[in-house]
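Chemist: Take a look at protein24.txt, compact mmCIF, C-alpha atoms:
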```txt
# COMPACT_ATOMS: atom_id res chain seq x y z
CA MET A 1 30.88 -10.06 18.66
CA THR A 2 29.19 -12.56 20.94
CA ALA A 3 27.57 -15.63 19.47
CA THR A 4 23.93 -15.19 18.49
CA THR A 5 21.48 -17.93 19.40
CA THR A 6 18.55 -19.09 17.31
CA THR A 7 16.29 -17.31 19.78
CA ASP A 8 18.09 -14.06 19.02
CA ARG A 9 17.78 -14.63 15.28
CA VAL A 10 14.01 -15.14 15.48
CA PHE A 11 11.97 -13.03 17.86
CA GLN A 12 8.42 -11.78 18.31
CA LEU A 13 7.36 -8.18 17.71
CA THR A 14 4.43 -5.94 18.45
CA GLY A 15 3.28 -3.39 15.90
CA SER A 16 1.90 0.16 16.16
CA CYS A 17 -1.64 1.11 15.11
CA ASN A 18 -2.58 4.58 13.85
CA ASN A 19 -5.83 6.50 13.53
CA TYR A 20 -6.26 8.19 10.15
CA PRO A 21 -9.94 9.05 9.52
CA TRP A 22 -10.17 6.81 6.44
CA GLY A 23 -9.74 3.75 8.68
CA LYS A 24 -12.45 1.45 9.94
CA LYS A 25 -14.00 2.09 13.34
CA GLY A 26 -13.45 0.08 16.48
CA LYS A 27 -13.60 -3.70 16.22
CA ASP A 28 -14.54 -3.45 12.51
CA SER A 29 -10.86 -2.67 11.87
CA LEU A 30 -8.71 -5.71 11.14
CA ALA A 31 -5.63 -3.57 11.81
CA ALA A 32 -6.91 -2.90 15.33
CA GLN A 33 -7.95 -6.52 15.89
CA LEU A 34 -4.52 -7.85 14.94
CA CYS A 35 -2.73 -5.20 17.00
CA ALA A 36 -4.77 -6.06 20.09
CA LYS A 37 -3.92 -9.77 19.76
CA THR A 38 -0.30 -9.23 20.85
CA ASP A 39 -0.13 -5.74 22.38
CA LYS A 40 -1.92 -6.11 25.71
CA SER A 41 -1.65 -2.37 26.37
CA PHE A 42 -3.67 -1.61 23.22
CA GLN A 43 -7.39 -1.20 23.90
CA ILE A 44 -9.84 -0.86 21.01
CA LYS A 45 -12.32 2.01 21.39
CA ASP A 46 -15.64 1.69 19.57
CA ASP A 47 -15.67 5.32 18.40
CA GLU A 48 -12.03 5.49 17.24
CA PHE A 49 -10.74 5.04 13.67
CA TYR A 50 -8.00 2.43 13.24
CA SER A 51 -6.38 2.65 9.82
CA GLU A 52 -2.96 0.96 9.77
CA LEU A 53 -0.88 -1.51 11.74
CA TRP A 54 2.82 -0.89 11.04
CA PHE A 55 5.41 -3.53 11.91
CA GLY A 56 8.70 -2.32 10.46
CA ASP A 57 11.42 -0.16 11.99
CA TYR A 58 10.30 3.19 10.53
CA PRO A 59 10.23 5.71 13.41
CA ASP A 60 6.70 7.08 12.86
CA PHE A 61 4.99 3.92 14.13
CA PRO A 62 7.76 1.46 15.02
CA ALA A 63 7.62 -2.23 15.85
CA LYS A 64 9.06 -3.27 19.20
CA LYS A 65 10.40 -6.50 20.62
CA PHE A 66 7.48 -8.31 22.25
CA ASP A 67 9.14 -9.24 25.53
CA THR A 68 11.26 -6.14 26.19
CA GLY A 69 9.59 -3.26 24.32
CA GLU A 70 12.91 -2.35 22.68
CA PRO A 71 12.42 -0.68 19.28
CA LEU A 72 13.25 -2.96 16.36
CA LYS A 73 15.49 -0.28 14.85
CA ASP A 74 17.71 -0.28 17.96
CA ILE A 75 18.05 -4.05 17.91
CA LEU A 76 19.01 -4.04 14.22
CA GLU A 77 21.56 -1.25 14.74
CA LYS A 78 23.40 -3.35 17.33
CA ASN A 79 23.41 -6.57 15.28
CA LYS A 80 23.56 -5.53 11.63
CA GLU A 81 25.70 -8.38 10.30
CA THR A 82 23.58 -11.07 11.93
CA LEU A 83 20.12 -9.56 11.60
CA LEU A 84 20.38 -7.67 8.29
CA GLY A 85 23.09 -9.57 6.42
CA LYS A 86 25.70 -8.56 3.87
CA LYS A 87 23.27 -7.99 1.00
CA VAL A 88 21.31 -5.36 2.94
CA ILE A 89 24.41 -3.75 4.42
CA GLN A 90 26.16 -3.47 1.06
CA ASN A 91 23.25 -2.76 -1.30
CA LEU A 92 20.23 -1.52 0.70
CA ASP A 93 21.52 1.19 3.03
CA GLY A 94 22.18 -1.09 6.00
CA GLN A 95 18.65 -0.89 7.42
CA LEU A 96 15.43 -2.83 7.11
CA PRO A 97 14.70 -2.02 3.45
CA TYR A 98 10.93 -2.39 3.56
CA LEU A 99 7.92 -1.30 5.62
CA PRO A 100 5.08 -3.84 6.07
CA LYS A 101 1.57 -2.85 7.18
CA ILE A 102 -2.01 -4.02 7.56
CA LEU A 103 -4.55 -1.47 6.25
CA SER A 104 -8.27 -1.43 7.13
CA ILE A 105 -9.96 1.00 4.74
CA ALA A 106 -13.48 2.38 5.20
CA LYS A 107 -13.26 5.30 2.76
CA ALA A 108 -10.91 6.53 0.08
CA LEU A 109 -7.31 7.30 0.97
CA PRO A 110 -5.92 10.48 -0.60
CA LEU A 111 -5.37 10.48 -4.36
CA GLN A 112 -1.61 10.19 -4.24
CA ILE A 113 1.77 9.36 -5.70
CA HIS A 114 5.00 8.45 -3.93
CA PRO A 115 7.94 10.41 -5.39
CA ASN A 116 10.88 8.69 -7.07
CA LYS A 117 14.33 8.72 -5.42
CA GLU A 118 15.58 11.82 -7.24
CA LEU A 119 12.53 13.90 -6.32
CA ALA A 120 12.35 12.43 -2.81
CA THR A 121 15.95 13.49 -2.19
CA LYS A 122 15.18 17.06 -3.31
CA LEU A 123 11.96 17.26 -1.28
CA HIS A 124 13.63 15.83 1.84
CA LYS A 125 16.42 18.40 1.61
CA LYS A 126 13.96 21.26 1.08
CA ASP A 127 11.21 20.18 3.52
CA PRO A 128 12.40 17.43 5.89
CA GLU A 129 9.44 17.89 8.19
CA ASN A 130 6.96 16.75 5.53
CA PHE A 131 9.28 14.53 3.48
CA THR A 132 11.03 12.56 6.19
CA ASP A 133 13.46 10.50 4.10
CA PRO A 134 15.23 10.62 0.70
CA ASN A 135 13.91 7.25 -0.53
CA HIS A 136 11.38 6.16 -3.14
CA LYS A 137 8.28 4.19 -2.16
CA PRO A 138 7.07 1.66 -4.71
CA GLU A 139 4.60 -0.65 -2.99
CA ILE A 140 2.41 -3.71 -3.25
CA ALA A 141 -1.03 -4.38 -1.79
CA VAL A 142 -2.28 -7.94 -1.24
CA ALA A 143 -6.03 -8.21 -0.63
CA LEU A 144 -7.23 -9.92 2.55
CA SER A 145 -10.87 -9.14 1.71
CA LYS A 146 -12.75 -7.60 -1.19
CA PHE A 147 -10.52 -4.63 -2.04
CA GLU A 148 -11.59 -1.64 -4.15
CA VAL A 149 -8.91 0.62 -5.56
CA PHE A 150 -8.21 3.27 -8.17
CA ALA A 151 -4.79 2.44 -9.64
CA GLY A 152 -2.95 3.53 -12.77
CA TRP A 153 -4.47 4.87 -15.94
CA LYS A 154 -7.29 3.60 -18.09
CA PRO A 155 -6.40 2.86 -21.70
CA LEU A 156 -6.52 6.08 -23.68
CA SER A 157 -9.23 4.47 -25.81
CA HIS A 158 -11.48 4.49 -22.72
CA ILE A 159 -10.60 8.06 -21.72
CA VAL A 160 -10.78 9.94 -25.04
CA PRO A 161 -14.52 9.32 -25.67
CA LEU A 162 -15.37 10.80 -22.26
CA PHE A 163 -13.67 14.06 -23.14
CA GLN A 164 -15.68 14.31 -26.34
CA LEU A 165 -18.72 14.97 -24.14
CA SER A 166 -19.56 18.67 -24.43
CA PHE A 167 -19.07 19.50 -20.73
CA LEU A 168 -15.60 17.89 -20.63
CA ARG A 169 -14.12 19.37 -23.80
CA GLN A 170 -12.96 22.43 -21.84
CA PHE A 171 -10.21 20.30 -20.26
CA VAL A 172 -8.65 19.14 -23.54
CA PRO A 173 -5.52 21.18 -24.43
CA ALA A 174 -5.85 23.43 -27.45
CA GLY A 175 -4.52 21.86 -30.62
CA THR A 176 -5.04 18.27 -29.40
CA THR A 177 -5.65 15.85 -32.27
CA ASP A 178 -7.68 12.63 -32.15
CA THR A 179 -4.45 10.85 -31.20
CA TRP A 180 -3.76 11.45 -27.53
CA THR A 181 -0.43 10.85 -25.83
CA ASP A 182 0.51 10.54 -22.19
CA ALA A 183 1.49 14.21 -22.33
CA THR A 184 -2.14 14.98 -23.20
CA LEU A 185 -3.28 12.96 -20.21
CA ARG A 186 -0.84 14.77 -17.93
CA GLU A 187 -2.30 18.15 -18.92
CA ILE A 188 -5.88 16.89 -18.60
CA THR A 189 -5.10 15.68 -15.07
CA ARG A 190 -3.50 19.02 -14.20
CA SER A 191 -6.56 20.91 -15.51
CA LEU A 192 -9.01 18.69 -13.62
CA LEU A 193 -7.12 19.20 -10.36
CA LYS A 194 -7.01 22.96 -10.86
CA ALA A 195 -10.69 23.27 -11.81
CA GLU A 196 -12.76 25.75 -9.84
CA GLU A 197 -14.90 24.15 -7.14
CA GLY A 198 -18.08 25.15 -8.97
CA THR A 199 -16.79 23.51 -12.12
CA VAL A 200 -16.02 20.28 -10.24
CA GLN A 201 -19.60 20.21 -8.98
CA TYR A 202 -21.00 20.98 -12.45
CA ILE A 203 -18.98 18.20 -14.10
CA ALA A 204 -20.08 15.65 -11.51
CA GLN A 205 -23.73 16.61 -11.91
CA SER A 206 -23.38 16.44 -15.71
CA LEU A 207 -21.91 12.94 -15.47
CA LEU A 208 -24.83 11.85 -13.29
CA LYS A 209 -27.27 13.12 -15.93
CA THR A 210 -25.43 11.45 -18.83
CA PRO A 211 -26.94 8.13 -20.01
CA LYS A 212 -24.60 5.25 -19.21
CA GLU A 213 -24.46 4.21 -22.86
CA ASP A 214 -22.97 7.64 -23.71
CA LEU A 215 -20.15 7.04 -21.21
CA GLY A 216 -19.10 3.84 -22.96
CA PRO A 217 -19.32 0.22 -21.76
CA LYS A 218 -16.05 0.44 -19.82
CA ASN A 219 -17.15 3.55 -17.92
CA ASP A 220 -20.69 2.65 -16.86
CA TYR A 221 -19.69 2.42 -13.18
CA ILE A 222 -18.92 6.18 -12.99
CA PRO A 223 -22.42 7.39 -11.99
CA ASP A 224 -22.63 4.72 -9.29
CA LEU A 225 -19.44 5.91 -7.56
CA ILE A 226 -19.99 9.67 -7.71
CA PRO A 227 -22.48 9.84 -4.78
CA ARG A 228 -20.28 7.57 -2.67
CA LEU A 229 -17.14 9.64 -3.20
CA GLN A 230 -19.01 12.92 -2.73
CA ASP A 231 -20.47 11.61 0.52
CA GLN A 232 -16.94 10.90 1.74
CA TYR A 233 -15.15 14.08 0.64
CA GLY A 234 -17.82 16.52 -0.53
CA PRO A 235 -18.88 17.63 -4.02
CA LYS A 236 -15.93 20.00 -4.55
CA ASP A 237 -13.01 17.54 -4.32
CA PRO A 238 -11.26 17.26 -7.73
CA GLY A 239 -9.97 13.78 -6.88
CA THR A 240 -13.39 12.42 -7.81
CA LEU A 241 -13.02 13.62 -11.41
CA VAL A 242 -9.45 12.39 -11.89
CA ALA A 243 -10.18 8.98 -10.38
CA LEU A 244 -13.41 8.34 -12.27
CA LEU A 245 -12.48 9.80 -15.66
CA CYS A 246 -8.84 8.79 -15.97
CA MET A 247 -7.96 5.90 -13.63
CA ASN A 248 -8.66 2.18 -13.50
CA PHE A 249 -11.30 1.21 -10.95
CA MET A 250 -10.46 -2.30 -9.76
CA VAL A 251 -12.22 -4.75 -7.45
CA LEU A 252 -9.82 -7.37 -6.11
CA GLN A 253 -10.54 -10.55 -4.17
CA PRO A 254 -8.49 -12.11 -1.33
CA GLY A 255 -5.06 -13.11 -2.62
CA ASP A 256 -5.13 -10.68 -5.55
CA SER A 257 -2.33 -8.11 -5.54
CA ILE A 258 -1.34 -4.89 -7.26
CA TYR A 259 2.01 -3.16 -7.70
CA ILE A 260 2.25 0.63 -7.54
CA PRO A 261 5.53 1.97 -8.99
CA ALA A 262 7.22 5.14 -7.76
CA ASP A 263 5.26 8.14 -9.13
CA GLY A 264 2.30 5.82 -9.83
CA ILE A 265 -1.11 7.39 -9.22
CA HIS A 266 -3.46 5.51 -6.88
CA ALA A 267 -6.19 5.80 -4.23
CA TYR A 268 -7.30 2.83 -2.16
CA LEU A 269 -11.07 2.87 -1.62
CA SER A 270 -12.15 0.04 0.68
CA GLY A 271 -11.10 -3.29 2.17
CA ASP A 272 -8.41 -4.97 4.26
CA ILE A 273 -4.95 -5.45 2.78
CA VAL A 274 -1.37 -6.37 3.54
CA GLU A 275 0.74 -3.53 2.19
CA CYS A 276 4.51 -3.49 1.83
CA MET A 277 6.72 -0.79 0.39
CA ALA A 278 10.28 0.39 0.14
CA ARG A 279 11.38 2.02 3.39
CA SER A 280 9.80 5.44 3.02
CA ASN A 281 6.83 7.53 4.14
CA ASN A 282 6.93 10.20 1.39
CA VAL A 283 3.71 11.08 -0.38
CA LEU A 284 2.23 13.77 -2.64
CA ASN A 285 -1.55 14.20 -2.22
CA ALA A 286 -3.91 15.88 -4.69
CA GLY A 287 -7.44 14.83 -3.77
CA PHE A 288 -9.72 12.89 -1.38
CA CYS A 289 -8.39 15.03 1.46
CA PRO A 290 -8.88 18.56 2.83
CA PRO A 291 -7.38 21.33 0.64
CA ALA A 292 -4.78 22.07 3.31
CA ASP A 293 -3.41 18.53 2.97
CA ARG A 294 -2.92 18.74 -0.81
CA ASN A 295 0.46 19.33 -2.37
CA SER A 296 1.15 21.54 -5.40
CA TYR A 297 -1.00 20.41 -8.33
CA ASP A 298 1.79 21.34 -10.74
CA LEU A 299 4.33 19.29 -8.79
CA PHE A 300 1.89 16.38 -8.66
CA ALA A 301 1.04 16.49 -12.37
CA GLY A 302 4.64 17.01 -13.40
CA THR A 303 5.78 13.98 -11.42
CA LEU A 304 3.22 11.51 -12.81
CA THR A 305 4.40 8.44 -14.69
CA PHE A 306 2.31 6.38 -17.08
CA GLU A 307 3.61 2.82 -16.76
CA GLY A 308 0.19 1.26 -16.11
CA HIS A 309 -2.38 1.84 -18.85
CA THR A 310 -4.82 -0.99 -18.14
CA ALA A 311 -6.11 -2.65 -14.99
CA ALA A 312 -4.13 -5.76 -15.97
CA ASP A 313 -0.91 -3.70 -15.98
CA MET A 314 -1.40 -3.00 -12.28
CA LEU A 315 -1.89 -6.61 -11.19
CA LEU A 316 1.00 -8.43 -9.52
CA PRO A 317 0.57 -12.19 -9.97
CA SER A 318 1.60 -14.77 -7.42
CA ASN A 319 3.67 -17.83 -8.27
CA LYS A 320 4.82 -20.86 -6.35
CA SER A 321 7.77 -19.86 -4.20
CA GLU A 322 11.06 -21.63 -4.78
CA LYS A 323 11.67 -21.26 -1.05
CA SER A 324 8.66 -23.47 -0.28
CA LYS A 325 9.49 -27.15 0.30
CA GLU A 326 5.87 -28.37 0.31
CA GLY A 327 4.56 -25.96 -2.35
CA ARG A 328 2.04 -24.34 -0.04
CA THR A 329 3.61 -20.87 -0.18
CA VAL A 330 3.40 -18.43 -3.08
CA VAL A 331 5.52 -15.37 -3.78
CA TYR A 332 4.64 -11.92 -5.09
CA LYS A 333 7.75 -10.50 -6.78
CA PRO A 334 7.49 -6.77 -7.52
CA PRO A 335 10.06 -5.31 -9.97
CA MET A 336 12.20 -3.80 -7.21
CA SER A 337 15.14 -4.96 -5.12
CA GLU A 338 13.91 -4.20 -1.62
CA PHE A 339 11.59 -7.17 -0.96
CA ASP A 340 9.37 -10.03 -2.11
CA MET A 341 6.18 -11.04 -0.30
CA LEU A 342 5.47 -14.66 0.63
CA LYS A 343 1.97 -15.95 1.41
CA ALA A 344 1.45 -19.36 2.99
CA ASP A 345 -2.01 -20.90 3.09
CA LEU A 346 -1.92 -24.02 5.26
CA GLY A 347 -4.91 -26.27 5.74
CA ALA A 348 -5.62 -28.34 8.83
CA GLY A 349 -2.69 -30.65 9.57
CA GLU A 350 -0.42 -29.08 6.94
CA SER A 351 3.08 -27.63 7.13
CA ASP A 352 5.66 -25.90 4.97
CA GLU A 353 9.38 -25.39 5.24
CA ILE A 354 10.75 -22.06 4.02
CA ALA A 355 14.36 -21.91 2.84
CA PRO A 356 16.65 -19.17 4.16
CA SER A 357 16.84 -15.70 2.59
CA ASP A 358 19.81 -13.40 1.98
CA GLY A 359 18.20 -10.70 4.09
CA PRO A 360 15.76 -10.23 6.96
CA GLY A 361 12.15 -11.37 6.99
CA VAL A 362 9.16 -10.02 8.90
CA LEU A 363 5.99 -12.10 9.06
CA ILE A 364 2.45 -11.68 10.36
CA VAL A 365 -0.16 -14.39 10.92
CA THR A 366 -3.26 -13.03 9.19
CA SER A 367 -5.53 -15.89 10.22
CA GLY A 368 -5.45 -19.17 12.15
CA GLN A 369 -2.85 -20.55 14.51
CA GLY A 370 0.05 -22.99 14.60
CA THR A 371 3.76 -23.18 15.36
CA MET A 372 7.06 -22.11 13.81
CA LEU A 373 10.23 -24.16 14.18
CA ALA A 374 13.53 -22.27 13.78
CA GLY A 375 16.66 -24.21 14.70
CA ASP A 376 15.94 -25.95 18.01
CA LYS A 377 13.29 -23.42 19.08
CA THR A 378 9.52 -23.71 18.57
CA PHE A 379 7.37 -20.56 18.62
CA ASP A 380 3.61 -20.46 19.05
CA LEU A 381 1.81 -18.60 16.28
CA LYS A 382 -1.68 -17.14 16.50
CA GLU A 383 -3.67 -14.60 14.53
CA GLY A 384 -1.84 -11.27 14.82
CA SER A 385 1.54 -12.75 15.75
CA ILE A 386 4.44 -10.81 14.22
CA PHE A 387 7.98 -12.22 14.05
CA PHE A 388 11.37 -11.09 12.81
CA VAL A 389 13.47 -13.75 11.06
CA ALA A 390 17.19 -13.15 10.46
CA PRO A 391 18.98 -13.99 7.19
CA ASP A 392 20.16 -17.56 6.63
CA THR A 393 17.43 -18.95 8.87
CA THR A 394 15.18 -21.87 7.87
CA VAL A 395 11.68 -21.88 9.35
CA VAL A 396 8.99 -24.58 9.41
CA TRP A 397 5.35 -23.62 9.83
CA LYS A 398 2.84 -26.20 11.10
CA THR A 399 -0.85 -26.01 11.95
CA ASP A 400 -3.53 -28.34 13.27
CA LYS A 401 -6.51 -26.19 12.29
CA GLY A 402 -5.25 -23.98 9.43
CA MET A 403 -3.16 -20.82 9.20
CA GLN A 404 -2.30 -18.00 6.80
CA ILE A 405 1.01 -16.12 6.95
CA HIS A 406 2.29 -13.13 4.98
CA MET A 407 6.06 -12.58 5.13
CA ALA A 408 8.20 -9.85 3.57
CA VAL A 409 11.65 -11.15 2.64
CA VAL A 410 14.75 -9.77 0.94
```
Turn this file's structure into structure tokens for me.
Modeler:
Amino acid sequence: MTATTTTDRVFQLTGSCNNYPWGKKGKDSLAAQLCAKTDKSFQIKDDEFYSELWFGDYPDFPAKKFDTGEPLKDILEKNKETLLGKKVIQNLDGQLPYLPKILSIAKALPLQIHPNKELATKLHKKDPENFTDPNHKPEIAVALSKFEVFAGWKPLSHIVPLFQLSFLRQFVPAGTTDTWTDATLREITRSLLKAEEGTVQYIAQSLLKTPKEDLGPKNDYIPDLIPRLQDQYGPKDPGTLVALLCMNFMVLQPGDSIYIPADGIHAYLSGDIVECMARSNNVLNAGFCPPADRNSYDLFAGTLTFEGHTAADMLLPSNKSEKSKEGRTVVYKPPMSEFDMLKADLGAGESDEIAPSDGPGVLIVTSGQGTMLAGDKTFDLKEGSIFFVAPDTTVVWKTDKGMQIHMAVV
């Protein structure tokens, strides 16, 4: 193998933007803004939705080398030892083990779960067109703006009183005692999803007529969100009932983060985020989408896990990164092996040196501008810049006016 220079170990990428209808329109979309900063062929249209900017090697919307247009996946395939490293080759399938994205969310994403590895393998074998890989997809979301999300389950103590209301008792399984279990919640969710469209409308209208004090102090936001969700997906979508009655509604601020485990129920509602996940695009949808896009309700309900039972359970805290020499970079460490997420916030005139990692890193400048020193090479960084950093590579970030960087690392 020929010697690899520092330039080869660190190189700039362009990402790919997509157009799901839950995305923000035109220049309101941060995903589109960041994409346009480095991809000169990308033109933002005022009447187009721009939902996600992907900058991994997954084939649906792949990143490419900035100066040549070569797909990142092809580059990695030719230089696995140098660009992926032994840890990834031996333990993480010998490919970029994560998929980073920017999401710009104007309305609710589908009510969804990402199947675990065992189920993903079965679904991929049975239906490879819709389940394009055999991997699981736990993920994190780091807020870049105010970020609204339904994630995980409310405490049972907040759910049970709602289903004592007369119009909701029909969903409680026969023989249920005052002591609910997660099995009870699974069947309630299944019944809500399978409810007749007229019943969904009736329940929503009944909730709107119910005094807030009868919903309980932890559920008083429910009537405020019903019109908003119905305006987005109509009055017959069962996702509204599952999200409002059973799930945590969370409002995060910039820098806050959540972790969604495999099989964890969630629906992002609004905001701009950095999202990173294990290398997969598998999903099961059950609401906040047209009926034709929904998967089997029984499969969905049967796959659910119940790890998170409070809003606090879903939060992923940041801590000072041990890789940071100056202490200006924090790390989000999800309980999975595929990646950690670094976030550097540099003020005017500040810098930070980041120690090498065992595997590859991919970074994006989410605001500001500056430079990156790697070996004897200096790279200009500006808002929207995306770079690949090989294992065993030290980088130094500097800025005159301020800069924020998010970087997925192994």
Chemist: Sort by chain and increasing residue number a table of all residues of segment 201-232 of chain A within 12 Å of segment 181-193 of chain A, each with its closest pair of atoms and their distance in Å to one decimal, counting all atoms listed in the file, and write it as a Markdown table.
Modeler:
```
| residue | atom | partner | partner_atom | distance |
| --- | --- | --- | --- | --- |
| A:Gln201 | CA | A:Leu192 | CA | 11.7 |
| A:Ile203 | CA | A:Leu192 | CA | 10.0 |
| A:Ala204 | CA | A:Leu192 | CA | 11.7 |
```
Chemist: How would the residues just chosen look if you wrote them out with C-alpha atoms as a short mmCIF file (atom, residue, chain, number, x, y, z; two decimals), in the coordinates of the input?
Modeler:
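Okay, part.cif is ready:
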```
data_model
loop_
_atom_site.label_atom_id
_atom_site.label_comp_id
_atom_site.auth_asym_id
_atom_site.auth_seq_id
_atom_site.Cartn_x
_atom_site.Cartn_y
_atom_site.Cartn_z
CA GLN A 201 -19.60 20.21 -8.98
CA ILE A 203 -18.98 18.20 -14.10
CA ALA A 204 -20.08 15.65 -11.51
#
```
Chemist: Taking only C-alpha atoms into account, name the residue in A:Leu13, A:Ala348, A:Ala151, A:Val88 that is nearest to Met314 of chain A.
Modeler: A:Ala151
Chemist: Tell me which protein, DNA and RNA residues are within 7 Å of Glu52 of chain A, counting only C-alpha atoms, leaving out same-chain ones fewer than 2 positions away, and put them as a list of chain:residue names.
Modeler: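 Surrounding residues, per the criterion: A:Cys17, A:Asn18, A:Ala31, A:Tyr50, A:Trp54, A:Lys101, A:Ile102, A:Leu103, A:Ser104.
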Chemist: If you keep C-alpha atoms, can you produce a file of those selected residues as a PDB file, keeping the file's coordinate frame?
Modeler:
```pdb
ATOM      1  CA  CYS A  17      -1.640   1.110  15.110  1.00  0.00           C
ATOM      2  CA  ASN A  18      -2.580   4.580  13.850  1.00  0.00           C
ATOM      3  CA  ALA A  31      -5.630  -3.570  11.810  1.00  0.00           C
ATOM      4  CA  TYR A  50      -8.000   2.430  13.240  1.00  0.00           C
ATOM      5  CA  TRP A  54       2.820  -0.890  11.040  1.00  0.00           C
ATOM      6  CA  LYS A 101       1.570  -2.850   7.180  1.00  0.00           C
ATOM      7  CA  ILE A 102      -2.010  -4.020   7.560  1.00  0.00           C
ATOM      8  CA  LEU A 103      -4.550  -1.470   6.250  1.00  0.00           C
ATOM      9  CA  SER A 104      -8.270  -1.430   7.130  1.00  0.00           C
TER      10      SER A 104
END
```
Chemist: Enclose segment 64-83 of chain A, meaning all of its atoms listed in the file, in a box aligned along x, y and z, pad it by 3 Å on each side, and list the centre and edge lengths in Å to one decimal, as lines of an AutoDock Vina configuration file.
Modeler:
```
center_x = 16.6
center_y = -5.7
center_z = 18.2
size_x = 24.2
size_y = 16.8
size_z = 21.9
```
Chemist: Each residue of segment 81-190 of chain A lying at most 9 Å from segment 254-267 of chain A should get a row with its shortest atom-to-atom pair and the distance in Å to one decimal, counting only C-alpha atoms; could you produce that, ordered by chain and increasing number, as JSON lines?
Modeler:
```
{"residue": "A:Ala108", "atom": "CA", "partner": "A:Ala267", "partner_atom": "CA", "distance": 6.4}
{"residue": "A:Leu109", "atom": "CA", "partner": "A:Ala267", "partner_atom": "CA", "distance": 5.5}
{"residue": "A:Pro110", "atom": "CA", "partner": "A:Ala267", "partner_atom": "CA", "distance": 5.9}
{"residue": "A:Leu111", "atom": "CA", "partner": "A:Ala267", "partner_atom": "CA", "distance": 4.8}
{"residue": "A:Gln112", "atom": "CA", "partner": "A:His266", "partner_atom": "CA", "distance": 5.7}
{"residue": "A:Ile113", "atom": "CA", "partner": "A:Ile265", "partner_atom": "CA", "distance": 5.0}
{"residue": "A:His114", "atom": "CA", "partner": "A:Asp263", "partner_atom": "CA", "distance": 5.2}
{"residue": "A:Pro115", "atom": "CA", "partner": "A:Asp263", "partner_atom": "CA", "distance": 5.1}
{"residue": "A:Asn116", "atom": "CA", "partner": "A:Ala262", "partner_atom": "CA", "distance": 5.1}
{"residue": "A:Lys117", "atom": "CA", "partner": "A:Ala262", "partner_atom": "CA", "distance": 8.3}
{"residue": "A:His136", "atom": "CA", "partner": "A:Ala262", "partner_atom": "CA", "distance": 6.3}
{"residue": "A:Lys137", "atom": "CA", "partner": "A:Ala262", "partner_atom": "CA", "distance": 5.8}
{"residue": "A:Pro138", "atom": "CA", "partner": "A:Pro261", "partner_atom": "CA", "distance": 4.6}
{"residue": "A:Glu139", "atom": "CA", "partner": "A:Ile260", "partner_atom": "CA", "distance": 5.3}
{"residue": "A:Ile140", "atom": "CA", "partner": "A:Tyr259", "partner_atom": "CA", "distance": 4.5}
{"residue": "A:Ala141", "atom": "CA", "partner": "A:Ser257", "partner_atom": "CA", "distance": 5.4}
{"residue": "A:Val142", "atom": "CA", "partner": "A:Ser257", "partner_atom": "CA", "distance": 4.3}
{"residue": "A:Ala143", "atom": "CA", "partner": "A:Pro254", "partner_atom": "CA", "distance": 4.7}
{"residue": "A:Leu144", "atom": "CA", "partner": "A:Pro254", "partner_atom": "CA", "distance": 4.6}
{"residue": "A:Ser145", "atom": "CA", "partner": "A:Pro254", "partner_atom": "CA", "distance": 4.9}
{"residue": "A:Lys146", "atom": "CA", "partner": "A:Pro254", "partner_atom": "CA", "distance": 6.2}
{"residue": "A:Phe147", "atom": "CA", "partner": "A:Pro254", "partner_atom": "CA", "distance": 7.8}
{"residue": "A:Val149", "atom": "CA", "partner": "A:Ala267", "partner_atom": "CA", "distance": 6.0}
{"residue": "A:Phe150", "atom": "CA", "partner": "A:Ala267", "partner_atom": "CA", "distance": 5.1}
{"residue": "A:Ala151", "atom": "CA", "partner": "A:His266", "partner_atom": "CA", "distance": 4.3}
{"residue": "A:Gly152", "atom": "CA", "partner": "A:Ile265", "partner_atom": "CA", "distance": 5.6}
{"residue": "A:Trp153", "atom": "CA", "partner": "A:Ile265", "partner_atom": "CA", "distance": 7.9}
```
Chemist: Tell me which protein, DNA and RNA residues are within 12 Å of Leu241 of chain A, counting only C-alpha atoms, leaving out same-chain ones fewer than 2 positions away, and put them as number ranges by chain.
Modeler: A: 111, 150, 159, 162-163, 168, 171, 188-195, 197, 199-207, 222-223, 225-226, 229-230, 235-239, 243-247, 286-288
Chemist: Give me the residues within 10 Å of segment 375-378 of chain A as JSON, numbers by chain, counting all atoms listed in the file and dropping any in the same chain fewer than 2 places off.
Modeler: {"A": [5, 6, 7, 9, 10, 371, 372, 373, 380, 381, 393, 394, 395, 396, 397]}
Chemist: How many Å lie between atom CA of Pro211 of chain A and atom CA of Lys107 of chain A, rounded to one decimal?
Modeler: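 Distance between the two atoms: 26.7 Å.
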Chemist: Give me the residues near Glu48 of chain A as a list in words, where near means some atom within 12 Å (using all atoms listed in the file) and where sequence neighbours in that chain fewer than 3 positions away do not count.
Modeler: Cys17, Asn18, Asn19, Tyr20, Pro21, Trp22, Gly23, Lys24, Lys25, Gly26, Lys27, Asp28, Ser29, Ala32, Gln43, Ile44, Lys45 and Ser51 of chain A
Chemist: Quick one: which segment 56-97 of chain A residues come within 10 Å of segment 268-280 of chain A, and what is the nearest atom pair for each with the distance in Å to one decimal, counting only C-alpha atoms, rows ordered by chain and ascending number, as CSV?
Modeler:
```
residue,atom,partner,partner_atom,distance
A:Gly56,CA,A:Arg279,CA,8.7
A:Asp57,CA,A:Arg279,CA,8.9
A:Tyr58,CA,A:Arg279,CA,7.3
A:Leu92,CA,A:Arg279,CA,9.9
A:Gln95,CA,A:Arg279,CA,8.8
A:Leu96,CA,A:Arg279,CA,7.3
A:Pro97,CA,A:Arg279,CA,5.2
```
